[in-house]
file protein-v9.cif (mmCIF, C-alpha atoms)
data_data
loop_
_atom_site.label_atom_id
_atom_site.label_comp_id
_atom_site.auth_asym_id
_atom_site.auth_seq_id
_atom_site.Cartn_x
_atom_site.Cartn_y
_atom_site.Cartn_z
CA MET A 271 -7.61 0.79 13.75
CA LYS A 272 -4.17 -0.10 12.41
CA SER A 273 -2.02 2.52 10.72
CA SER A 274 0.46 2.11 7.91
CA ARG A 275 2.29 4.09 5.25
CA LEU A 276 1.06 4.58 1.72
CA TYR A 277 3.26 5.99 -1.01
CA GLY A 278 2.94 7.23 -4.55
CA LEU A 279 0.76 9.96 -6.03
CA HIS A 280 -2.08 7.63 -7.02
CA SER A 281 -2.41 6.10 -3.55
CA VAL A 282 -2.15 9.46 -1.82
CA GLN A 283 -4.78 11.00 -4.08
CA ALA A 284 -7.12 8.07 -3.41
CA ALA A 285 -6.67 8.62 0.34
CA LEU A 286 -7.36 12.34 -0.10
CA ASP A 287 -10.48 11.60 -2.14
CA TYR A 288 -12.00 8.84 0.00
CA SER A 289 -10.67 9.15 3.56
CA PRO A 290 -8.76 12.39 4.20
CA GLU A 291 -9.71 12.25 7.88
CA LYS A 292 -7.59 9.11 8.27
CA ILE A 293 -4.34 10.73 7.09
CA HIS A 294 -2.16 11.58 10.10
CA LYS A 295 1.11 12.76 8.58
CA ALA A 296 2.89 13.23 5.27
CA TRP A 297 6.49 13.33 4.09
CA VAL A 298 7.17 15.16 0.83
CA ASP A 299 10.24 15.65 -1.35
CA GLY A 300 10.67 19.44 -1.19
CA SER A 301 13.16 19.52 -4.04
CA ARG A 302 10.89 17.87 -6.57
CA GLN A 303 8.99 20.10 -8.99
CA ASP A 304 5.90 18.21 -10.08
CA LYS A 305 2.40 19.60 -10.68
CA ARG A 306 0.59 16.57 -9.21
CA LEU A 307 2.90 16.47 -6.21
CA THR A 308 2.40 20.19 -5.59
CA GLN A 309 -1.38 19.74 -5.77
CA ALA A 310 -1.26 16.84 -3.30
CA LEU A 311 0.89 18.91 -0.95
CA ASN A 312 -1.53 21.85 -1.17
CA ASP A 313 -4.46 19.53 -0.44
CA LEU A 314 -2.69 18.10 2.61
CA LEU A 315 -1.84 21.56 3.94
CA ALA A 316 -5.41 22.75 3.35
CA LEU A 317 -6.64 19.87 5.52
CA GLY A 318 -4.23 20.83 8.29
CA ILE A 319 -2.30 17.57 8.02
CA GLU A 320 1.22 17.64 9.43
CA THR A 321 3.61 17.71 6.47
CA GLU A 322 7.36 17.29 6.67
CA LYS A 323 9.97 17.90 3.99
CA ALA A 324 12.22 14.87 3.42
CA ASP A 325 15.03 13.99 1.07
CA ARG A 326 14.90 11.08 -1.33
CA LYS A 327 16.90 8.73 0.91
CA ARG A 328 14.49 9.17 3.79
CA LEU A 329 11.49 8.73 1.55
CA ASP A 330 13.07 5.55 0.19
CA ARG A 331 13.33 4.22 3.73
CA LEU A 332 9.77 5.23 4.62
CA ALA A 333 8.46 3.50 1.50
CA ASP A 334 10.63 0.40 2.04
CA GLY A 335 12.45 1.05 -1.21
CA ASN A 336 9.31 1.24 -3.33
CA ASN A 337 8.55 3.90 -5.92
CA HIS A 338 7.09 6.73 -3.81
CA GLN A 339 7.10 9.54 -6.44
CA GLY A 340 8.21 11.98 -3.75
CA ILE A 341 5.42 11.46 -1.22
CA VAL A 342 4.63 9.12 1.68
CA ILE A 343 1.70 9.36 4.09
CA GLU A 344 0.82 7.72 7.38
CA VAL A 345 -2.81 6.70 7.31
CA GLU A 346 -5.30 4.64 9.27
CA MET A 347 -5.84 1.47 7.28
CA PRO A 348 -9.35 0.24 6.53
CA GLY A 349 -9.94 -2.96 8.45
CA GLU A 350 -11.62 -6.26 7.80
CA LEU A 351 -15.13 -6.57 9.26
CA PRO A 352 -16.28 -9.52 11.42
CA GLU A 353 -18.82 -12.20 10.51
CA SER A 354 -21.43 -10.53 12.70
CA ASP A 355 -21.31 -7.46 10.43
CA LEU A 356 -21.75 -9.69 7.38
CA LYS A 357 -24.88 -11.22 8.88
CA THR A 358 -26.29 -7.79 9.65
CA ALA A 359 -25.53 -6.59 6.09
CA VAL A 360 -27.21 -9.61 4.47
CA GLU A 361 -30.28 -9.46 6.69
CA ASN A 362 -30.76 -5.71 6.05
CA LEU A 363 -30.09 -5.79 2.32
CA THR A 364 -32.99 -4.47 0.21
CA GLU A 365 -31.36 -4.99 -3.21
CA THR A 366 -30.68 -8.25 -5.04
CA ALA A 367 -27.59 -9.53 -3.25
CA LEU A 368 -24.24 -9.75 -5.03
CA PHE A 369 -21.29 -10.79 -2.87
CA LEU A 370 -17.81 -11.81 -3.97
CA VAL A 371 -16.15 -14.62 -2.03
CA LEU A 372 -12.38 -15.17 -2.33
CA ASP A 373 -11.29 -18.63 -1.19
CA ASN A 374 -7.76 -18.41 0.30
CA VAL A 375 -6.54 -15.70 -2.10
CA GLN A 376 -3.00 -14.82 -1.01
CA ASP A 377 -1.76 -12.24 -3.51
CA PRO A 378 -2.46 -8.68 -2.29
CA HIS A 379 -2.33 -7.41 -5.88
CA ASN A 380 -5.20 -9.75 -6.77
CA LEU A 381 -7.23 -8.75 -3.72
CA GLY A 382 -6.69 -5.06 -4.51
CA ALA A 383 -7.72 -5.54 -8.13
CA CYS A 384 -10.79 -7.54 -7.08
CA LEU A 385 -11.83 -4.78 -4.68
CA ARG A 386 -11.52 -2.20 -7.43
CA THR A 387 -13.74 -4.26 -9.74
CA ALA A 388 -16.14 -5.01 -6.89
CA ASP A 389 -16.61 -1.28 -6.36
CA ALA A 390 -17.18 -0.72 -10.08
CA THR A 391 -19.79 -3.48 -10.34
CA GLY A 392 -21.78 -2.64 -7.21
CA VAL A 393 -20.80 -5.67 -5.14
CA HIS A 394 -22.32 -5.47 -1.67
CA GLY A 395 -19.30 -6.96 0.04
CA VAL A 396 -16.20 -9.10 -0.39
CA ILE A 397 -15.78 -12.14 1.86
CA ILE A 398 -12.26 -13.41 2.56
CA THR A 399 -10.89 -16.21 4.71
CA LYS A 400 -8.99 -15.51 7.91
CA ASP A 401 -6.31 -18.18 7.43
CA ASN A 402 -4.01 -18.73 4.45
CA ALA A 403 -5.15 -15.53 2.78
CA THR A 404 -4.13 -11.90 2.51
CA GLY A 405 -6.03 -9.26 4.42
CA ILE A 406 -6.05 -5.53 3.77
CA THR A 407 -2.46 -4.34 3.43
CA PRO A 408 -0.82 -1.17 2.07
CA THR A 409 -0.29 -3.00 -1.24
CA VAL A 410 -3.98 -3.95 -1.37
CA CYS A 411 -4.96 -0.32 -0.74
CA LYS A 412 -2.57 0.95 -3.39
CA VAL A 413 -3.89 -1.44 -6.06
CA ALA A 414 -7.51 -0.91 -5.02
CA SER A 415 -7.21 2.85 -5.65
CA GLY A 416 -9.76 3.80 -2.99
CA ALA A 417 -11.97 0.72 -3.22
CA ALA A 418 -10.59 -0.68 0.04
CA GLU A 419 -12.42 2.25 1.66
CA THR A 420 -15.69 1.85 -0.23
CA VAL A 421 -16.24 -1.93 -0.40
CA PRO A 422 -16.87 -3.79 2.89
CA VAL A 423 -14.43 -6.68 3.37
CA TYR A 424 -15.70 -9.40 5.70
CA GLN A 425 -13.24 -11.88 7.18
CA VAL A 426 -14.59 -15.31 8.16
CA THR A 427 -12.99 -18.21 10.00
CA ASN A 428 -14.96 -21.05 8.41
CA LEU A 429 -15.89 -20.41 4.79
CA SER A 430 -17.99 -23.57 4.35
CA ARG A 431 -20.11 -22.61 7.34
CA THR A 432 -20.51 -19.07 6.01
CA LEU A 433 -21.61 -20.34 2.59
CA ARG A 434 -24.16 -22.65 4.24
CA TRP A 435 -25.51 -19.69 6.19
CA LEU A 436 -25.73 -17.57 3.03
CA LYS A 437 -27.73 -20.33 1.34
CA GLY A 438 -30.07 -20.37 4.32
CA GLU A 439 -30.58 -16.64 3.75
CA GLY A 440 -31.70 -17.31 0.19
CA LEU A 441 -28.46 -16.63 -1.72
CA TRP A 442 -27.41 -18.81 -4.65
CA ILE A 443 -23.77 -19.92 -4.33
CA MET A 444 -21.98 -19.87 -7.71
CA GLY A 445 -18.43 -21.15 -7.88
CA ALA A 446 -15.90 -20.43 -10.62
CA ALA A 447 -14.20 -23.63 -11.82
CA GLY A 448 -12.34 -23.92 -15.10
CA GLU A 449 -12.97 -27.65 -15.42
CA THR A 450 -16.76 -27.40 -15.59
CA ALA A 451 -18.62 -27.31 -18.91
CA GLN A 452 -21.24 -24.89 -17.60
CA SER A 453 -20.53 -21.51 -19.23
CA ILE A 454 -21.18 -18.23 -17.45
CA TYR A 455 -23.20 -17.24 -20.53
CA ASN A 456 -25.66 -20.06 -19.86
CA SER A 457 -26.00 -19.24 -16.17
CA ASP A 458 -28.39 -17.01 -14.25
CA PHE A 459 -26.67 -14.10 -12.48
CA THR A 460 -29.89 -12.22 -11.72
CA VAL A 461 -30.72 -14.12 -8.54
CA PRO A 462 -29.42 -13.13 -5.08
CA MET A 463 -26.00 -14.69 -5.08
CA ALA A 464 -22.48 -15.06 -3.78
CA LEU A 465 -19.83 -15.60 -6.47
CA VAL A 466 -16.95 -17.74 -5.20
CA VAL A 467 -13.48 -17.56 -6.78
CA GLY A 468 -10.60 -19.80 -5.73
CA ALA A 469 -6.95 -19.14 -4.97
CA GLU A 470 -4.23 -18.46 -7.49
CA GLY A 471 -3.29 -21.66 -9.32
CA LYS A 472 -5.30 -23.86 -6.95
CA GLY A 473 -8.91 -22.92 -7.54
CA LEU A 474 -11.67 -23.73 -5.12
CA ARG A 475 -11.00 -26.06 -2.22
CA ARG A 476 -13.01 -29.30 -2.08
CA LEU A 477 -15.15 -28.24 0.89
CA THR A 478 -15.86 -24.92 -0.78
CA LYS A 479 -16.94 -26.63 -4.01
CA GLU A 480 -19.30 -28.84 -2.07
CA GLN A 481 -21.18 -25.79 -0.83
CA CYS A 482 -21.68 -24.36 -4.33
CA ASP A 483 -25.10 -24.70 -5.96
CA VAL A 484 -23.52 -24.47 -9.41
CA LEU A 485 -20.02 -24.32 -10.90
CA VAL A 486 -19.38 -22.14 -13.96
CA SER A 487 -16.46 -21.37 -16.23
CA VAL A 488 -15.32 -18.59 -18.55
CA PRO A 489 -15.02 -19.90 -22.16
CA MET A 490 -11.38 -20.08 -23.24
CA LEU A 491 -11.00 -20.02 -27.04
CA GLY A 492 -7.22 -19.76 -27.32
CA GLN A 493 -4.27 -21.81 -26.17
CA VAL A 494 -3.99 -20.36 -22.64
CA GLU A 495 -5.77 -22.56 -20.12
CA SER A 496 -6.84 -19.94 -17.60
CA LEU A 497 -7.14 -16.24 -16.84
CA ASN A 498 -5.50 -14.30 -14.05
CA LEU A 499 -7.68 -14.48 -10.92
CA SER A 500 -8.60 -10.80 -10.85
CA VAL A 501 -9.27 -10.74 -14.62
CA ALA A 502 -11.57 -13.77 -14.36
CA THR A 503 -13.34 -12.15 -11.42
CA GLY A 504 -13.91 -9.04 -13.52
CA VAL A 505 -15.42 -11.08 -16.36
CA LEU A 506 -17.76 -12.86 -13.94
CA LEU A 507 -18.89 -9.72 -12.14
CA TYR A 508 -19.56 -7.81 -15.34
CA GLU A 509 -21.66 -10.72 -16.63
CA ALA A 510 -23.74 -10.24 -13.48
CA VAL A 511 -24.01 -6.51 -14.24
CA ARG A 512 -24.98 -7.21 -17.87
CA GLN A 513 -27.71 -9.68 -16.97
CA ARG A 514 -29.13 -7.55 -14.18
CA LEU A 515 -29.31 -4.45 -16.36
CA LEU A 516 -31.13 -6.42 -19.06
CA ALA A 517 -33.53 -7.85 -16.50
CA VAL A 518 -34.80 -4.42 -15.44
CA LYS A 519 -35.48 -3.15 -18.96
#

call {"tool": "encode", "arguments": {"input": "protein-v9.cif", "output": "structure tokens"}}
result
Amino acid sequence: MKSSRLYGLHSVQAALDYSPEKIHKAWVDGSRQDKRLTQALNDLLALGIETEKADRKRLDRLADGNNHQGIVIEVEMPGELPESDLKTAVENLTETALFLVLDNVQDPHNLGACLRTADATGVHGVIITKDNATGITPTVCKVASGAAETVPVYQVTNLSRTLRWLKGEGLWIMGAAGETAQSIYNSDFTVPMALVVGAEGKGLRRLTKEQCDVLVSVPMLGQVESLNLSVATGVLLYEAVRQRLLAVK
């Protein structure tokens, strides 16, 4: 398990809420009077976590110059899971499958935001590529606000092969592509499925598209041609939630 430093009150609180056992050490600005910071410090001390007072300059160095709000922690990072774990998860799933697949997504802010939405929408796992893509980093964890701990992230070496395997397991492969005329509002999200979203500015790769059973798009009524990757992913996942809730009524 790799360790790294997280900083900022929001990130520290998420670690305290979701994985306090993985926090090894904390550095806190002892001169700062802040209610949230004091509460975080009390929580750390109550858990018996080693806590060291540090001045602003040291905290700046520990946080690589980022806005730390007076607190930095050393924590075991959640890790990516192997393909074998993905196969086990799919084979043992008793609910209607909903997986999110990110094709060569490189921006950690986008991955973190997608994880947060995946947690909110009940996604069973996020599948990422091993090459030319971001994995789980401190920035991902910070943006995910705890979701990096709650949503399984599976890293695969050959996405086309993985998508073929998922189809063999009965999942419908739906790809997001702005150029298609097929709207998400005329598409069925109630079936067991993997939703595939492409990289920032590039979209789905050709081989990935070829594995998709259907390509869908989000209607764009204004002058902007496309949505931010994580925003588009949120729209798609919540359409799945909407349709699935209606289907059980």

call {"tool": "resolve_selection", "arguments": {"input": "protein-v9.cif", "expression": "the PyMOL selection byres ((chain A and resi 320) around 9)", "output": "list in words"}}
result
His294, Lys295, Ala296, Trp297, Leu314, Leu315, Gly318, Ile319, Thr321 and Glu322 of chain A

call {"tool": "residues_around", "arguments": {"input": "protein-v9.cif", "residues": "Asp401 in chain A", "least_positions_apart": "6", "cutoff": "10 Å", "atoms": "all atoms listed in the file", "output": "PyMOL selection string"}}
result
chain A and resi 373-376+425-428

call {"tool": "closest_residue", "arguments": {"input": "protein-v9.cif", "among": "A:Asp483, A:Asp389, A:Glu470, A:Glu419", "to": "Gly504 in chain A", "atoms": "only C-alpha atoms"}}
result
A:Asp389

call {"tool": "closest_residue", "arguments": {"input": "protein-v9.cif", "among": "A:Ile406, A:Ile397, A:Ala333, A:Ala447", "to": "Leu372 in chain A", "atoms": "all atoms listed in the file"}}
result
A:Ile397

call {"tool": "residues_around", "arguments": {"input": "protein-v9.cif", "residues": "Gly392 in chain A", "least_positions_apart": "4", "cutoff": "10 Å", "atoms": "all atoms listed in the file", "output": "list of chain:residue names"}}
result
A:Ala367, A:Leu368, A:Phe369, A:Thr387, A:Ala388, A:Val421, A:Leu507, A:Tyr508, A:Val511

call {"tool": "residues_around", "arguments": {"input": "protein-v9.cif", "residues": "Tyr288 in chain A", "least_positions_apart": "4", "cutoff": "12 Å", "atoms": "all atoms listed in the file", "output": "VMD selection string"}}
result
chain A and resid 281 to 284 292 to 293 345 348 411 414 to 421

call {"tool": "resolve_selection", "arguments": {"input": "protein-v9.cif", "expression": "the PyMOL selection byres ((chain A and resi 446) around 12)", "output": "PDB file with C-alpha atoms, in the coordinates of the input"}}
result
ATOM      1  CA  LEU A 370     -17.810 -11.810  -3.970  1.00  0.00           C
ATOM      2  CA  VAL A 371     -16.150 -14.620  -2.030  1.00  0.00           C
ATOM      3  CA  LEU A 372     -12.380 -15.170  -2.330  1.00  0.00           C
ATOM      4  CA  ASP A 373     -11.290 -18.630  -1.190  1.00  0.00           C
ATOM      5  CA  ILE A 443     -23.770 -19.920  -4.330  1.00  0.00           C
ATOM      6  CA  MET A 444     -21.980 -19.870  -7.710  1.00  0.00           C
ATOM      7  CA  GLY A 445     -18.430 -21.150  -7.880  1.00  0.00           C
ATOM      8  CA  ALA A 447     -14.200 -23.630 -11.820  1.00  0.00           C
ATOM      9  CA  GLY A 448     -12.340 -23.920 -15.100  1.00  0.00           C
ATOM     10  CA  GLU A 449     -12.970 -27.650 -15.420  1.00  0.00           C
ATOM     11  CA  THR A 450     -16.760 -27.400 -15.590  1.00  0.00           C
ATOM     12  CA  ALA A 451     -18.620 -27.310 -18.910  1.00  0.00           C
ATOM     13  CA  GLN A 452     -21.240 -24.890 -17.600  1.00  0.00           C
ATOM     14  CA  SER A 453     -20.530 -21.510 -19.230  1.00  0.00           C
ATOM     15  CA  ILE A 454     -21.180 -18.230 -17.450  1.00  0.00           C
ATOM     16  CA  SER A 457     -26.000 -19.240 -16.170  1.00  0.00           C
ATOM     17  CA  ALA A 464     -22.480 -15.060  -3.780  1.00  0.00           C
ATOM     18  CA  LEU A 465     -19.830 -15.600  -6.470  1.00  0.00           C
ATOM     19  CA  VAL A 466     -16.950 -17.740  -5.200  1.00  0.00           C
ATOM     20  CA  VAL A 467     -13.480 -17.560  -6.780  1.00  0.00           C
ATOM     21  CA  GLY A 468     -10.600 -19.800  -5.730  1.00  0.00           C
ATOM     22  CA  ALA A 469      -6.950 -19.140  -4.970  1.00  0.00           C
ATOM     23  CA  LYS A 472      -5.300 -23.860  -6.950  1.00  0.00           C
ATOM     24  CA  GLY A 473      -8.910 -22.920  -7.540  1.00  0.00           C
ATOM     25  CA  LEU A 474     -11.670 -23.730  -5.120  1.00  0.00           C
ATOM     26  CA  ARG A 475     -11.000 -26.060  -2.220  1.00  0.00           C
ATOM     27  CA  THR A 478     -15.860 -24.920  -0.780  1.00  0.00           C
ATOM     28  CA  LYS A 479     -16.940 -26.630  -4.010  1.00  0.00           C
ATOM     29  CA  CYS A 482     -21.680 -24.360  -4.330  1.00  0.00           C
ATOM     30  CA  ASP A 483     -25.100 -24.700  -5.960  1.00  0.00           C
ATOM     31  CA  VAL A 484     -23.520 -24.470  -9.410  1.00  0.00           C
ATOM     32  CA  LEU A 485     -20.020 -24.320 -10.900  1.00  0.00           C
ATOM     33  CA  VAL A 486     -19.380 -22.140 -13.960  1.00  0.00           C
ATOM     34  CA  SER A 487     -16.460 -21.370 -16.230  1.00  0.00           C
ATOM     35  CA  VAL A 488     -15.320 -18.590 -18.550  1.00  0.00           C
ATOM     36  CA  PRO A 489     -15.020 -19.900 -22.160  1.00  0.00           C
ATOM     37  CA  SER A 496      -6.840 -19.940 -17.600  1.00  0.00           C
ATOM     38  CA  LEU A 497      -7.140 -16.240 -16.840  1.00  0.00           C
ATOM     39  CA  LEU A 499      -7.680 -14.480 -10.920  1.00  0.00           C
ATOM     40  CA  ALA A 502     -11.570 -13.770 -14.360  1.00  0.00           C
ATOM     41  CA  THR A 503     -13.340 -12.150 -11.420  1.00  0.00           C
ATOM     42  CA  GLY A 504     -13.910  -9.040 -13.520  1.00  0.00           C
ATOM     43  CA  VAL A 505     -15.420 -11.080 -16.360  1.00  0.00           C
ATOM     44  CA  LEU A 506     -17.760 -12.860 -13.940  1.00  0.00           C
ATOM     45  CA  LEU A 507     -18.890  -9.720 -12.140  1.00  0.00           C
TER      46      LEU A 507
END

call {"tool": "resolve_selection", "arguments": {"input": "protein-v9.cif", "expression": "the PyMOL selection byres ((chain A and resi 298) around 6)", "output": "list in words"}}
result
Trp297, Asp299, Gly300, Lys323, Ala324, Gly340 and Ile341 of chain A

call {"tool": "closest_residue", "arguments": {"input": "protein-v9.cif", "among": "A:Asn456, A:Asn402, A:Arg302, A:Thr358", "to": "Leu436 in chain A", "atoms": "only C-alpha atoms"}}
result
A:Thr358

call {"tool": "atom_distance", "arguments": {"input": "protein-v9.cif", "atom1": "CA of Glu439 in chain A", "atom2": "CA of Arg386 in chain A"}}
result
26.4 Å

call {"tool": "closest_residue", "arguments": {"input": "protein-v9.cif", "among": "A:Asp287, A:Asp458, A:Glu365, A:Glu344", "to": "Ala517 in chain A", "atoms": "all atoms listed in the file"}}
result
A:Asp458
